Amino acid sequence: MSRSTSAAEQTILDVSDSGRVPGRVPDLLRDQPQPTTTVSEGRQAEPPSTTSSVPTSIASSWSEIAQADLTVQLYDRLLQIAAAPAGWRGPGSKPLKAESLQSFLTFWLEVRSDAAEPELALAPDGTLHAEWYHSHRKRLDIRFGGSQLVFGLFANNLIHEGTERANTLASLLKSHPSKPLRWHAN
Amino acid sequence: MARKLKSPTFAGKERLARYVSYVNRQAGNRPAVATFLPDPPSETPDKDHLSVNSLEIETLRDVGNFHRAIWQDNRGEVAICEHQVLEYNDAAKKAGIAVNYDRESSKWKFASSLTSVEDAYRHRPVHRDEPPGSPSHCGVEFVRALKEHKAAQFARRLTGQRFHLLFRDR
């Protein structure tokens with residue numbers, strides 16, 4: 001292949017060449033705004049930046065996103081969340097933390113075979129929240145912060161709330177009789 | 001039309017409005033849990049609060065106009081959640097914060113530490129012309145006492161009601 005590829009594209013190609021399913025990210029990559037070459041007075045055109053069109057938090061988890069096989073809708077939502085700047089909700093609110101996104105993706109790779117895609121949201125401390133919703137009485141939310149995930153599960157008339165390690169929480173939720181990871185708002 | 005009141009009473013059935021950012025809007029006009037999480041502690045943690053607008057002071061549309069100007073560059077639909085003061089009190093209780101009514105001062109109070117009791121709600125009007133101010137801006141003060149996952153417990157209890165979408169025709 002003679003054309004040059006960006007770092008992100010190379011990552012995708014590597015994933016594909018290794019035999020793993022590349023997911024829909026290559027399609028999404030084509031949908032992203034491409035870096036433009038600009039010319040200003042007295043300066044040469046700058047080479048295209050390989051990451052200027054993708055928020056840092058997304059770029060740093062590119063391989064995991066490729067493996068996650070997200071739908072276009074969820075990836076778009078992720079981009080919307082990752083684009084929120086510092087101060088998006090006021091002076092103290094923070095942009096999406098790369099480690100929070102990585103924590104979510106690690107969790108998602110562990111549960112996705114038994115799960116519907118969640119709805120995502122951003123917390124003011126920059127952590128990613130995932131929510132699975134069936135009704136007001138049947139809903140699950142998880143905050144992806146550090147090694148401990150903060151979760152709340154409303155299942156029928158029982159409420160479970162607290163913190164748990166990611167792999168333990170994944171096991172608990174996958175084996176839960178209400179199958180909360182399969183709840184989907186639509 | 002805005003009602004002419006100098007400051008809100010925060011009576012139990014009075015209503016508080018909370019703006020819902022784009023990144024916290026879920027399907028079916030549901031607010032995400034994160035909508036009601038307090039900001040990280042600031043350099044003045046004793047003044048941290050959750051911003052709301054008292055509908056005793058301004059109408060929902062006035063409040064929507066303010067947030068549309070501040071956060072959305074006067075574009076798009078504005079999402080606002082509406083709750084009674086009593087619903088905030090109940091959410092606090094379920095997260096381990098006792099909010100009690102003090103008849104002497106006619107105010108809701110919470111214990112911010114073992115030795116001090118503070119107002120649970122405060123009127124924090126924003127007076128300015130550009131960008132526009134907000135005479136109805138208030139703080140839910142007891143969020144300062146919510147630590148770690150208690151904040152999430154509080155926030156979850158306020159996500160049961162769907163948000164209003166304003167300015168859909170613009």
# chains A, B, ... in the order shown; residues from 1 in each chain; ligands from 1
>>> select_by_dssp(residues="segment 6-170 of chain B", states="alpha helix (DSSP H)", output="PyMOL selection string")
chain B and resi 60-71+85-94+149-156
>>> interface_residues(of="chain A", to="chain B", cutoff="10 Å", atoms="only C-alpha atoms", output="JSON, numbers by chain")
{"A": [77, 78, 80, 81, 82, 83, 84, 88, 89, 90, 91, 92, 93, 94, 119, 120, 121, 122, 123, 124, 125, 126, 127, 128, 129, 130, 131, 133, 135, 136, 137, 139, 140, 141, 142, 143, 149, 150, 151, 152, 153, 154, 161, 162, 163, 184, 185, 186]}
>>> atom_distance(atom1="atom CA of Ser116 of chain B", atom2="atom CA of Lys93 of chain B")
17.9 Å
>>> atom_distance(atom1="atom CA of Trp183 of chain A", atom2="atom CA of Arg18 of chain B")
26.7 Å
>>> select_by_dssp(residues="chain B", states="strand (DSSP E or B)", output="PyMOL selection string")
chain B and resi 15-20+25-26+30-31+50-54+78-84+99-102+107-111+117-119+121-123+126+134+137-140+164-166
>>> closest_residue(among="B:Ala79, B:Ala17, B:Ile97, B:Ala92", to="Thr59 of chain B", atoms="only C-alpha atoms")
B:Ala17
>>> closest_residue(among="A:Ala98, A:Leu79, A:Leu105, A:Ala116", to="Ala66 of chain A", atoms="only C-alpha atoms")
A:Leu105
>>> closest_atom_pairs(of="segment 83-122 of chain B", to="segment 131-145 of chain B", cutoff="8 Å", atoms="only C-alpha atoms", output="tab-separated table")
residue	atom	partner	partner_atom	distance
B:Ala92	CA	B:Phe142	CA	7.8
B:Ile97	CA	B:Ala145	CA	7.4
B:Phe110	CA	B:Phe142	CA	6.4
B:Ser112	CA	B:Ala145	CA	5.9
B:Asp119	CA	B:Glu141	CA	6.9
B:Ala120	CA	B:Glu141	CA	5.0
B:Tyr121	CA	B:Val140	CA	4.9
B:Arg122	CA	B:Gly139	CA	5.2
>>> write_last_selection(atoms="N, CA, C and O atoms", output="PDB file, in the first residue's frame")
ATOM      1  N   ALA B  92     -31.851  13.546  49.536  1.00  0.00           N
ATOM      2  CA  ALA B  92     -30.776  13.732  50.517  1.00  0.00           C
ATOM      3  C   ALA B  92     -30.880  12.696  51.630  1.00  0.00           C
ATOM      4  O   ALA B  92     -29.885  12.064  52.016  1.00  0.00           O
ATOM      5  N   ILE B  97     -28.205  12.118  54.316  1.00  0.00           N
ATOM      6  CA  ILE B  97     -28.129  13.507  54.795  1.00  0.00           C
ATOM      7  C   ILE B  97     -29.495  13.906  55.342  1.00  0.00           C
ATOM      8  O   ILE B  97     -30.491  13.884  54.611  1.00  0.00           O
ATOM      9  N   PHE B 110     -29.147  21.540  57.220  1.00  0.00           N
ATOM     10  CA  PHE B 110     -28.477  20.239  57.242  1.00  0.00           C
ATOM     11  C   PHE B 110     -27.217  20.351  58.090  1.00  0.00           C
ATOM     12  O   PHE B 110     -26.676  21.458  58.280  1.00  0.00           O
ATOM     13  N   SER B 112     -23.528  20.062  58.373  1.00  0.00           N
ATOM     14  CA  SER B 112     -22.358  19.970  57.505  1.00  0.00           C
ATOM     15  C   SER B 112     -21.183  19.313  58.217  1.00  0.00           C
ATOM     16  O   SER B 112     -20.216  18.891  57.583  1.00  0.00           O
ATOM     17  N   ASP B 119     -27.652  26.269  56.116  1.00  0.00           N
ATOM     18  CA  ASP B 119     -28.835  26.306  55.260  1.00  0.00           C
ATOM     19  C   ASP B 119     -28.706  25.228  54.189  1.00  0.00           C
ATOM     20  O   ASP B 119     -27.659  25.100  53.543  1.00  0.00           O
ATOM     21  N   ALA B 120     -29.795  24.508  53.970  1.00  0.00           N
ATOM     22  CA  ALA B 120     -29.779  23.462  52.940  1.00  0.00           C
ATOM     23  C   ALA B 120     -29.905  24.061  51.540  1.00  0.00           C
ATOM     24  O   ALA B 120     -29.432  23.474  50.560  1.00  0.00           O
ATOM     25  N   TYR B 121     -30.560  25.216  51.455  1.00  0.00           N
ATOM     26  CA  TYR B 121     -30.739  25.893  50.160  1.00  0.00           C
ATOM     27  C   TYR B 121     -30.397  27.372  50.343  1.00  0.00           C
ATOM     28  O   TYR B 121     -30.719  27.958  51.389  1.00  0.00           O
ATOM     29  N   ARG B 122     -29.770  27.925  49.343  1.00  0.00           N
ATOM     30  CA  ARG B 122     -29.451  29.363  49.421  1.00  0.00           C
ATOM     31  C   ARG B 122     -29.762  30.044  48.102  1.00  0.00           C
ATOM     32  O   ARG B 122     -29.543  29.480  47.024  1.00  0.00           O
TER      33      ARG B 122
END
>>> residues_around(residues="Ser103 of chain A", least_positions_apart="2", cutoff="9 Å", atoms="only C-alpha atoms", output="PDB file with N, CA, C and O atoms, in the first residue's frame")
ATOM      1  N   ALA A  98      -9.253  10.057  30.055  1.00  0.00           N
ATOM      2  CA  ALA A  98      -8.889   8.902  29.224  1.00  0.00           C
ATOM      3  C   ALA A  98      -8.953   7.608  30.023  1.00  0.00           C
ATOM      4  O   ALA A  98      -9.405   6.573  29.522  1.00  0.00           O
ATOM      5  N   GLU A  99      -8.535   7.662  31.284  1.00  0.00           N
ATOM      6  CA  GLU A  99      -8.529   6.425  32.081  1.00  0.00           C
ATOM      7  C   GLU A  99      -9.944   5.944  32.397  1.00  0.00           C
ATOM      8  O   GLU A  99     -10.180   4.745  32.539  1.00  0.00           O
ATOM      9  N   SER A 100     -10.870   6.874  32.454  1.00  0.00           N
ATOM     10  CA  SER A 100     -12.262   6.479  32.687  1.00  0.00           C
ATOM     11  C   SER A 100     -12.815   5.767  31.454  1.00  0.00           C
ATOM     12  O   SER A 100     -13.503   4.742  31.560  1.00  0.00           O
ATOM     13  N   LEU A 101     -12.506   6.312  30.286  1.00  0.00           N
ATOM     14  CA  LEU A 101     -12.943   5.663  29.050  1.00  0.00           C
ATOM     15  C   LEU A 101     -12.319   4.273  28.931  1.00  0.00           C
ATOM     16  O   LEU A 101     -12.992   3.301  28.559  1.00  0.00           O
ATOM     17  N   LEU A 105     -14.206   0.689  28.585  1.00  0.00           N
ATOM     18  CA  LEU A 105     -13.982  -0.220  27.456  1.00  0.00           C
ATOM     19  C   LEU A 105     -13.534  -1.600  27.936  1.00  0.00           C
ATOM     20  O   LEU A 105     -13.948  -2.628  27.386  1.00  0.00           O
ATOM     21  N   THR A 106     -12.705  -1.626  28.956  1.00  0.00           N
ATOM     22  CA  THR A 106     -12.283  -2.910  29.524  1.00  0.00           C
ATOM     23  C   THR A 106     -13.490  -3.683  30.050  1.00  0.00           C
ATOM     24  O   THR A 106     -13.654  -4.883  29.811  1.00  0.00           O
ATOM     25  N   PHE A 107     -14.354  -2.957  30.764  1.00  0.00           N
ATOM     26  CA  PHE A 107     -15.568  -3.574  31.302  1.00  0.00           C
ATOM     27  C   PHE A 107     -16.463  -4.050  30.158  1.00  0.00           C
ATOM     28  O   PHE A 107     -16.993  -5.158  30.179  1.00  0.00           O
ATOM     29  N   TRP A 108     -16.600  -3.199  29.155  1.00  0.00           N
ATOM     30  CA  TRP A 108     -17.493  -3.511  28.045  1.00  0.00           C
ATOM     31  C   TRP A 108     -17.015  -4.765  27.289  1.00  0.00           C
ATOM     32  O   TRP A 108     -17.818  -5.623  26.922  1.00  0.00           O
ATOM     33  N   LEU A 128     -16.808   8.730  33.052  1.00  0.00           N
ATOM     34  CA  LEU A 128     -17.854   8.267  32.139  1.00  0.00           C
ATOM     35  C   LEU A 128     -18.873   7.452  32.930  1.00  0.00           C
ATOM     36  O   LEU A 128     -18.506   6.642  33.783  1.00  0.00           O
ATOM     37  N   PHE A 144     -17.396   4.888  35.860  1.00  0.00           N
ATOM     38  CA  PHE A 144     -16.079   4.318  35.613  1.00  0.00           C
ATOM     39  C   PHE A 144     -14.993   5.300  36.051  1.00  0.00           C
ATOM     40  O   PHE A 144     -14.607   6.186  35.299  1.00  0.00           O
ATOM     41  N   GLY A 145     -14.590   5.155  37.297  1.00  0.00           N
ATOM     42  CA  GLY A 145     -13.561   6.034  37.845  1.00  0.00           C
ATOM     43  C   GLY A 145     -12.236   5.302  37.926  1.00  0.00           C
ATOM     44  O   GLY A 145     -11.615   5.005  36.917  1.00  0.00           O
ATOM     45  N   GLY A 146     -11.846   4.959  39.120  1.00  0.00           N
ATOM     46  CA  GLY A 146     -10.594   4.247  39.314  1.00  0.00           C
ATOM     47  C   GLY A 146     -10.802   2.743  39.229  1.00  0.00           C
ATOM     48  O   GLY A 146     -11.596   2.259  38.420  1.00  0.00           O
ATOM     49  N   SER A 147     -10.089   2.021  40.094  1.00  0.00           N
ATOM     50  CA  SER A 147     -10.192   0.562  40.050  1.00  0.00           C
ATOM     51  C   SER A 147     -11.549   0.082  40.572  1.00  0.00           C
ATOM     52  O   SER A 147     -12.002  -1.010  40.246  1.00  0.00           O
ATOM     53  N   LEU A 149     -15.549   0.518  40.681  1.00  0.00           N
ATOM     54  CA  LEU A 149     -16.651   1.119  39.945  1.00  0.00           C
ATOM     55  C   LEU A 149     -17.784   1.417  40.914  1.00  0.00           C
ATOM     56  O   LEU A 149     -18.081   0.624  41.807  1.00  0.00           O
ATOM     57  N   ALA A 166     -14.084  -4.061  38.926  1.00  0.00           N
ATOM     58  CA  ALA A 166     -14.724  -4.221  37.619  1.00  0.00           C
ATOM     59  C   ALA A 166     -15.054  -5.679  37.290  1.00  0.00           C
ATOM     60  O   ALA A 166     -16.181  -5.990  36.887  1.00  0.00           O
TER      61      ALA A 166
END
>>> atom_distance(atom1="atom CA of Arg124 of chain B", atom2="atom CA of Asn29 of chain B")
27.8 Å
